[in-house]
Structure formats: C-alpha cells, structure tokens
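One structure below.
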Amino acid sequence: MMLVGSVLVLFILVLVFRQPLLVRIGGWLDHPEPAAPADAAVILGGGGLARTVKAAELHRAGLVDRVALTSPESRAPDLLDAQYVRWVRILVSEGVPEDAIDVLVPSYSTFDDARHVRDYMNERGLARVLVVTDPYHTRRAGWIIRRFLDPGAREVRVVASEPAWFAPSRWWRDERQLLWVLNEYVKFAYYVVTYGPSGPLDGTPSTAHRRPL
C-alpha cells in the first residue's frame, strides 16, 4: 500500500511540475559556450545545415581562418559523402577559401569526432578550436572531446548552431525534438557506462585529411 501511495505521489508531482522539469531536461543538454578567436572551427558531422551556416558565420566574423568538418567515408574511393560535398561547397560560397577547408574522415560517432579534434589540433599545432554542433549535442560533445585533450595544453569551445527547429523550452511538443533529446540522453548514458564518467581517454590517431573537392 505504501508503494502504491508513493507512486501516486510521484505521479502527481510530475504532473504538477511537468513543464519546469521538462524544460530543465532539455536545457541540461543545451550547454554552448561563447565564441572567441581561435585557430580553426570544426563542424561535427551528423547534423543538419545549421552547423555549416554557423561555421561560415564564425569565419566571416574573423574568429577563425580555417574550417574542418568530420565526415563518414564515401562508398566510392576518394570521394566524400554527397551531403558533405554540399556542405563544403556552401562554405566556399560563403567565403571560406577551399585551401582553408579540411575534411576529417572517417567519423561515425561523437567518439570518433573527439579523436579527430585531438589529432587535428596536434598535427596542425592548433592551440584553440571552436567546435560547432547543434544545441542538444553541445554538452556531450564538449565532455567527451575534452577528455582526449591534455588539460591546459589545448582550448576547445563548443559553439551551438542555431537550428530553427530546436527549442529547449518546448522540445517535448514536437516529435523530432522529442526523439533527438531522448536519443541524446541514451547516448550520454552509453558513453558514461562505456568510457566512464571522468578521466582522460586515449586512442590511436585516426585523422586523415582530404581535399574536399
């Protein structure tokens, strides 16, 4: 009987505080940092066009000279995935010189992205990088990327894109946002279980640079 009563009380509390609780759930994932002058911007793959648009804005603002993006391998040898070719062309059309664009392959996950950021900074001797991703992805991306870097040796700021479809204050009212937020929490839990909640990470270098076009 006490268990039934406790469950009932919990259910009532969830109903009463539903909206503030849901806002906090979405807002916790949304953890961007302010952009600042850096050596390069790295666009994490797997998202939409908003990430590319944001990186182009950072370049136009004079905050970065180079832009890199992570991408999966194409099925065709020596070619990029068609979506990423489009993103590169958009960067060029927005004023980013072609020879200032790097494509880091292969990358199929945020864990791969994190190793690419580390390798890219080490190989090019970069001290500061702006990592560009969508708002709901900023907390996990920053958390895993920094675990690959020596504290104090490199600076990474995770900058959020501005997709029109994401709103932390009402994410549960839209099916696409609902799926993204729930999926992100599942991935975060998987990363904590697989790689531990804290501490440095290591891995074999994985970066391969390719001319984009």
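Following the order of the structure tokens, chains are lettered A, B, ..., residues in each are numbered from 1, and ligands are numbered from 1.
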
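Here the strand (DSSP E) residues in segment 37-179 of chain A, by DSSP on the backbone, are Ala40, Ala41, Val42, Ile43, Arg66, Val67, Ala68, Leu69, Thr70, Ile101, Asp102, Val103, Leu104, Val105, Arg128, Val129, Leu130, Val131, Val132, Thr133, Glu155, Val156, Arg157, Val158, Val159 and Ala160 of chain A.
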
Write to file, as a PDB file, in the first residue's frame, the residues of the selection just made, with N, CA and C atoms.
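result14.pdb was written with the following content:
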```
ATOM      1  N   ALA A  40      40.859  27.553 -35.616  1.00  0.00           N
ATOM      2  CA  ALA A  40      40.013  26.872 -36.587  1.00  0.00           C
ATOM      3  C   ALA A  40      38.668  26.561 -35.961  1.00  0.00           C
ATOM      4  N   ALA A  41      37.702  26.292 -36.823  1.00  0.00           N
ATOM      5  CA  ALA A  41      36.406  25.781 -36.395  1.00  0.00           C
ATOM      6  C   ALA A  41      36.262  24.367 -36.935  1.00  0.00           C
ATOM      7  N   VAL A  42      35.729  23.470 -36.125  1.00  0.00           N
ATOM      8  CA  VAL A  42      35.498  22.090 -36.556  1.00  0.00           C
ATOM      9  C   VAL A  42      34.002  21.816 -36.486  1.00  0.00           C
ATOM     10  N   ILE A  43      33.410  21.519 -37.626  1.00  0.00           N
ATOM     11  CA  ILE A  43      31.984  21.186 -37.694  1.00  0.00           C
ATOM     12  C   ILE A  43      31.832  19.694 -37.454  1.00  0.00           C
ATOM     13  N   ARG A  66      40.516  28.834 -40.562  1.00  0.00           N
ATOM     14  CA  ARG A  66      40.312  27.529 -41.167  1.00  0.00           C
ATOM     15  C   ARG A  66      39.013  26.917 -40.659  1.00  0.00           C
ATOM     16  N   VAL A  67      38.447  26.035 -41.482  1.00  0.00           N
ATOM     17  CA  VAL A  67      37.247  25.287 -41.096  1.00  0.00           C
ATOM     18  C   VAL A  67      37.460  23.826 -41.467  1.00  0.00           C
ATOM     19  N   ALA A  68      37.187  22.935 -40.541  1.00  0.00           N
ATOM     20  CA  ALA A  68      37.249  21.495 -40.804  1.00  0.00           C
ATOM     21  C   ALA A  68      35.890  20.886 -40.510  1.00  0.00           C
ATOM     22  N   LEU A  69      35.610  19.760 -41.129  1.00  0.00           N
ATOM     23  CA  LEU A  69      34.376  19.041 -40.807  1.00  0.00           C
ATOM     24  C   LEU A  69      34.660  17.557 -40.777  1.00  0.00           C
ATOM     25  N   THR A  70      33.951  16.871 -39.896  1.00  0.00           N
ATOM     26  CA  THR A  70      34.099  15.422 -39.806  1.00  0.00           C
ATOM     27  C   THR A  70      33.058  14.765 -40.694  1.00  0.00           C
ATOM     28  N   ILE A 101      39.922  24.616 -45.974  1.00  0.00           N
ATOM     29  CA  ILE A 101      38.920  23.649 -45.517  1.00  0.00           C
ATOM     30  C   ILE A 101      39.559  22.266 -45.435  1.00  0.00           C
ATOM     31  N   ASP A 102      39.375  21.610 -44.311  1.00  0.00           N
ATOM     32  CA  ASP A 102      39.870  20.247 -44.122  1.00  0.00           C
ATOM     33  C   ASP A 102      38.681  19.327 -43.843  1.00  0.00           C
ATOM     34  N   VAL A 103      38.750  18.103 -44.367  1.00  0.00           N
ATOM     35  CA  VAL A 103      37.722  17.101 -44.104  1.00  0.00           C
ATOM     36  C   VAL A 103      38.371  15.945 -43.361  1.00  0.00           C
ATOM     37  N   LEU A 104      37.844  15.612 -42.204  1.00  0.00           N
ATOM     38  CA  LEU A 104      38.428  14.597 -41.333  1.00  0.00           C
ATOM     39  C   LEU A 104      37.593  13.319 -41.419  1.00  0.00           C
ATOM     40  N   VAL A 105      38.175  12.269 -41.939  1.00  0.00           N
ATOM     41  CA  VAL A 105      37.456  11.016 -42.167  1.00  0.00           C
ATOM     42  C   VAL A 105      38.288   9.842 -41.655  1.00  0.00           C
ATOM     43  N   ARG A 128      43.787  26.661 -30.100  1.00  0.00           N
ATOM     44  CA  ARG A 128      42.379  26.943 -29.783  1.00  0.00           C
ATOM     45  C   ARG A 128      41.499  26.537 -30.959  1.00  0.00           C
ATOM     46  N   VAL A 129      40.407  25.856 -30.657  1.00  0.00           N
ATOM     47  CA  VAL A 129      39.464  25.413 -31.688  1.00  0.00           C
ATOM     48  C   VAL A 129      38.040  25.668 -31.209  1.00  0.00           C
ATOM     49  N   LEU A 130      37.196  26.089 -32.133  1.00  0.00           N
ATOM     50  CA  LEU A 130      35.761  26.196 -31.878  1.00  0.00           C
ATOM     51  C   LEU A 130      35.088  24.981 -32.508  1.00  0.00           C
ATOM     52  N   VAL A 131      34.443  24.179 -31.701  1.00  0.00           N
ATOM     53  CA  VAL A 131      33.714  23.006 -32.194  1.00  0.00           C
ATOM     54  C   VAL A 131      32.257  23.407 -32.382  1.00  0.00           C
ATOM     55  N   VAL A 132      31.731  23.183 -33.576  1.00  0.00           N
ATOM     56  CA  VAL A 132      30.370  23.610 -33.905  1.00  0.00           C
ATOM     57  C   VAL A 132      29.457  22.393 -33.996  1.00  0.00           C
ATOM     58  N   THR A 133      28.389  22.416 -33.217  1.00  0.00           N
ATOM     59  CA  THR A 133      27.408  21.335 -33.268  1.00  0.00           C
ATOM     60  C   THR A 133      26.046  21.891 -32.882  1.00  0.00           C
ATOM     61  N   GLU A 155      42.767  24.490 -25.991  1.00  0.00           N
ATOM     62  CA  GLU A 155      41.489  25.077 -25.583  1.00  0.00           C
ATOM     63  C   GLU A 155      40.426  24.763 -26.628  1.00  0.00           C
ATOM     64  N   VAL A 156      39.323  24.199 -26.182  1.00  0.00           N
ATOM     65  CA  VAL A 156      38.198  23.908 -27.056  1.00  0.00           C
ATOM     66  C   VAL A 156      36.953  24.584 -26.502  1.00  0.00           C
ATOM     67  N   ARG A 157      36.261  25.300 -27.354  1.00  0.00           N
ATOM     68  CA  ARG A 157      34.961  25.867 -27.000  1.00  0.00           C
ATOM     69  C   ARG A 157      33.906  25.252 -27.911  1.00  0.00           C
ATOM     70  N   VAL A 158      32.829  24.784 -27.330  1.00  0.00           N
ATOM     71  CA  VAL A 158      31.761  24.171 -28.108  1.00  0.00           C
ATOM     72  C   VAL A 158      30.695  25.233 -28.372  1.00  0.00           C
ATOM     73  N   VAL A 159      30.544  25.581 -29.629  1.00  0.00           N
ATOM     74  CA  VAL A 159      29.630  26.637 -30.052  1.00  0.00           C
ATOM     75  C   VAL A 159      28.392  26.006 -30.671  1.00  0.00           C
ATOM     76  N   ALA A 160      27.235  26.492 -30.302  1.00  0.00           N
ATOM     77  CA  ALA A 160      25.981  25.912 -30.795  1.00  0.00           C
ATOM     78  C   ALA A 160      25.566  26.540 -32.117  1.00  0.00           C
TER      79      ALA A 160
END
```

Write out as a JSON list (two decimals) with N, CA, C and O atoms, in the first residue's frame which residues come within 10 Å of Ala167 of chain A when counting only C-alpha atoms, dropping same-chain ones fewer than 3 positions away.
```
[["chain", "number", "residue", "atom", "x", "y", "z"],
["A", 23, "VAL", "N", 11.55, 21.37, -19.17],
["A", 23, "VAL", "CA", 12.43, 22.45, -19.63],
["A", 23, "VAL", "C", 13.85, 22.22, -19.15],
["A", 23, "VAL", "O", 14.83, 22.40, -19.88],
["A", 26, "GLY", "N", 15.58, 19.34, -21.19],
["A", 26, "GLY", "CA", 16.08, 19.80, -22.48],
["A", 26, "GLY", "C", 17.21, 20.80, -22.33],
["A", 26, "GLY", "O", 18.19, 20.77, -23.08],
["A", 27, "GLY", "N", 17.09, 21.69, -21.34],
["A", 27, "GLY", "CA", 18.10, 22.72, -21.15],
["A", 27, "GLY", "C", 19.44, 22.18, -20.68],
["A", 27, "GLY", "O", 20.48, 22.78, -20.96],
["A", 30, "ASP", "N", 21.61, 21.47, -23.56],
["A", 30, "ASP", "CA", 21.95, 22.68, -24.30],
["A", 30, "ASP", "C", 22.98, 23.48, -23.50],
["A", 30, "ASP", "O", 22.63, 24.30, -22.66],
["A", 135, "PRO", "N", 22.57, 22.50, -30.60],
["A", 135, "PRO", "CA", 22.45, 22.80, -29.16],
["A", 135, "PRO", "C", 22.32, 21.57, -28.27],
["A", 135, "PRO", "O", 23.01, 21.48, -27.24],
["A", 136, "TYR", "N", 21.47, 20.63, -28.65],
["A", 136, "TYR", "CA", 21.22, 19.46, -27.80],
["A", 136, "TYR", "C", 22.45, 18.56, -27.69],
["A", 136, "TYR", "O", 22.53, 17.70, -26.81],
["A", 162, "GLU", "N", 22.35, 27.23, -34.80],
["A", 162, "GLU", "CA", 21.05, 27.85, -34.49],
["A", 162, "GLU", "C", 19.95, 27.24, -35.36],
["A", 162, "GLU", "O", 19.35, 27.94, -36.18],
["A", 163, "PRO", "N", 19.66, 25.95, -35.18],
["A", 163, "PRO", "CA", 18.60, 25.34, -35.98],
["A", 163, "PRO", "C", 17.24, 25.88, -35.58],
["A", 163, "PRO", "O", 16.94, 26.03, -34.40],
["A", 164, "ALA", "N", 16.44, 26.19, -36.57],
["A", 164, "ALA", "CA", 15.13, 26.79, -36.30],
["A", 164, "ALA", "C", 14.19, 25.82, -35.59],
["A", 164, "ALA", "O", 13.24, 26.23, -34.92],
["A", 170, "ARG", "N", 10.34, 23.81, -25.20],
["A", 170, "ARG", "CA", 9.12, 23.09, -25.61],
["A", 170, "ARG", "C", 9.44, 21.87, -26.47],
["A", 170, "ARG", "O", 8.64, 21.46, -27.32],
["A", 171, "TRP", "N", 10.59, 21.26, -26.24],
["A", 171, "TRP", "CA", 11.04, 20.16, -27.08],
["A", 171, "TRP", "C", 10.09, 18.97, -27.08],
["A", 171, "TRP", "O", 9.98, 18.25, -28.07],
["A", 172, "TRP", "N", 9.37, 18.75, -25.99],
["A", 172, "TRP", "CA", 8.50, 17.58, -25.86],
["A", 172, "TRP", "C", 7.21, 17.71, -26.68],
["A", 172, "TRP", "O", 6.46, 16.76, -26.82],
["A", 173, "ARG", "N", 6.97, 18.88, -27.25],
["A", 173, "ARG", "CA", 5.76, 19.10, -28.03],
["A", 173, "ARG", "C", 5.95, 18.83, -29.51],
["A", 173, "ARG", "O", 5.01, 18.93, -30.30],
["A", 174, "ASP", "N", 7.17, 18.53, -29.90],
["A", 174, "ASP", "CA", 7.48, 18.28, -31.31],
["A", 174, "ASP", "C", 8.14, 16.91, -31.43],
["A", 174, "ASP", "O", 9.10, 16.61, -30.70],
["A", 177, "GLN", "N", 12.02, 16.87, -32.13],
["A", 177, "GLN", "CA", 12.80, 17.30, -30.98],
["A", 177, "GLN", "C", 12.75, 16.26, -29.86],
["A", 177, "GLN", "O", 13.76, 16.00, -29.19]]
```

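Atom CA of Ile25 of chain A sits 27.9 Å away from atom CA of Ser107 of chain A.
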
Report task. Give the answer as one residue: which of A:Tyr108, A:Tyr185, A:Phe166, A:Tyr120 has the shortest atom-to-atom distance to Arg140 of chain A, using only C-alpha atoms? Result ->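 Under the stated criterion, the closest residue is A:Tyr185.
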
Query raised in the report: Residues at most 10 Å from Lys187 of chain A, counting only C-alpha atoms, excluding those fewer than 5 positions away in the same chain, as a list in words?
Result: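 Near neighbours after the sequence-gap exclusion: Thr110, Arg140, Val181, Leu182, Val192 and Val193 of chain A.
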
Write out, as a JSON list (two decimals), in the first residue's frame, the residues just selected, with N, CA and C atoms.
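result36.json written:
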```
[["chain", "number", "residue", "atom", "x", "y", "z"],
["A", 110, "THR", "N", 30.29, 10.58, -32.17],
["A", 110, "THR", "CA", 30.90, 11.68, -31.43],
["A", 110, "THR", "C", 32.25, 11.26, -30.86],
["A", 140, "ARG", "N", 27.40, 16.80, -24.41],
["A", 140, "ARG", "CA", 28.10, 15.53, -24.58],
["A", 140, "ARG", "C", 29.35, 15.70, -25.43],
["A", 181, "VAL", "N", 16.14, 14.58, -28.25],
["A", 181, "VAL", "CA", 16.50, 14.74, -26.84],
["A", 181, "VAL", "C", 16.60, 13.38, -26.16],
["A", 182, "LEU", "N", 15.60, 12.52, -26.34],
["A", 182, "LEU", "CA", 15.64, 11.20, -25.71],
["A", 182, "LEU", "C", 16.82, 10.39, -26.22],
["A", 192, "VAL", "N", 28.84, 7.15, -20.70],
["A", 192, "VAL", "CA", 29.26, 7.08, -19.30],
["A", 192, "VAL", "C", 29.58, 5.65, -18.90],
["A", 193, "VAL", "N", 28.72, 4.71, -19.32],
["A", 193, "VAL", "CA", 28.93, 3.30, -18.99],
["A", 193, "VAL", "C", 30.16, 2.75, -19.71]]
```

Write out as a PDB file with C-alpha atoms, in the first residue's frame each polymer residue whose atoms come within 9 Å of Leu149 of chain A, counting only C-alpha atoms; drop sequence neighbours fewer than 6 positions from it.
```pdb
ATOM      1  CA  ARG A 118      42.575  15.926 -30.818  1.00  0.00           C
ATOM      2  CA  GLU A 155      41.489  25.077 -25.583  1.00  0.00           C
ATOM      3  CA  PRO A 200      41.432  11.101 -19.644  1.00  0.00           C
ATOM      4  CA  LEU A 201      40.832   8.993 -22.723  1.00  0.00           C
ATOM      5  CA  ASP A 202      43.332   7.760 -25.242  1.00  0.00           C
TER       6      ASP A 202
END
```

Query raised in the report: What lies within 10 Å of Phe188 of chain A using only C-alpha atoms, ignoring chain neighbours under 5 positions off, as a PyMOL selection string?
Result: chain A and resi 29+137+139-141+143-144+182-183+193-194+197

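Comparing A:Leu126, A:Val88, A:Ala114, A:Leu178 by their smallest distance to Arg147 of chain A, the closest is A:Ala114 (using only C-alpha atoms).
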
Query raised in the report: Where does DSSP see helix (DSSP H, G or I) in segment 43-203 of chain A, if you list the residues as a PyMOL selection string?
Result: chain A and resi 49-60+82-93+98-100+110-124+135-146+171-173+175-195
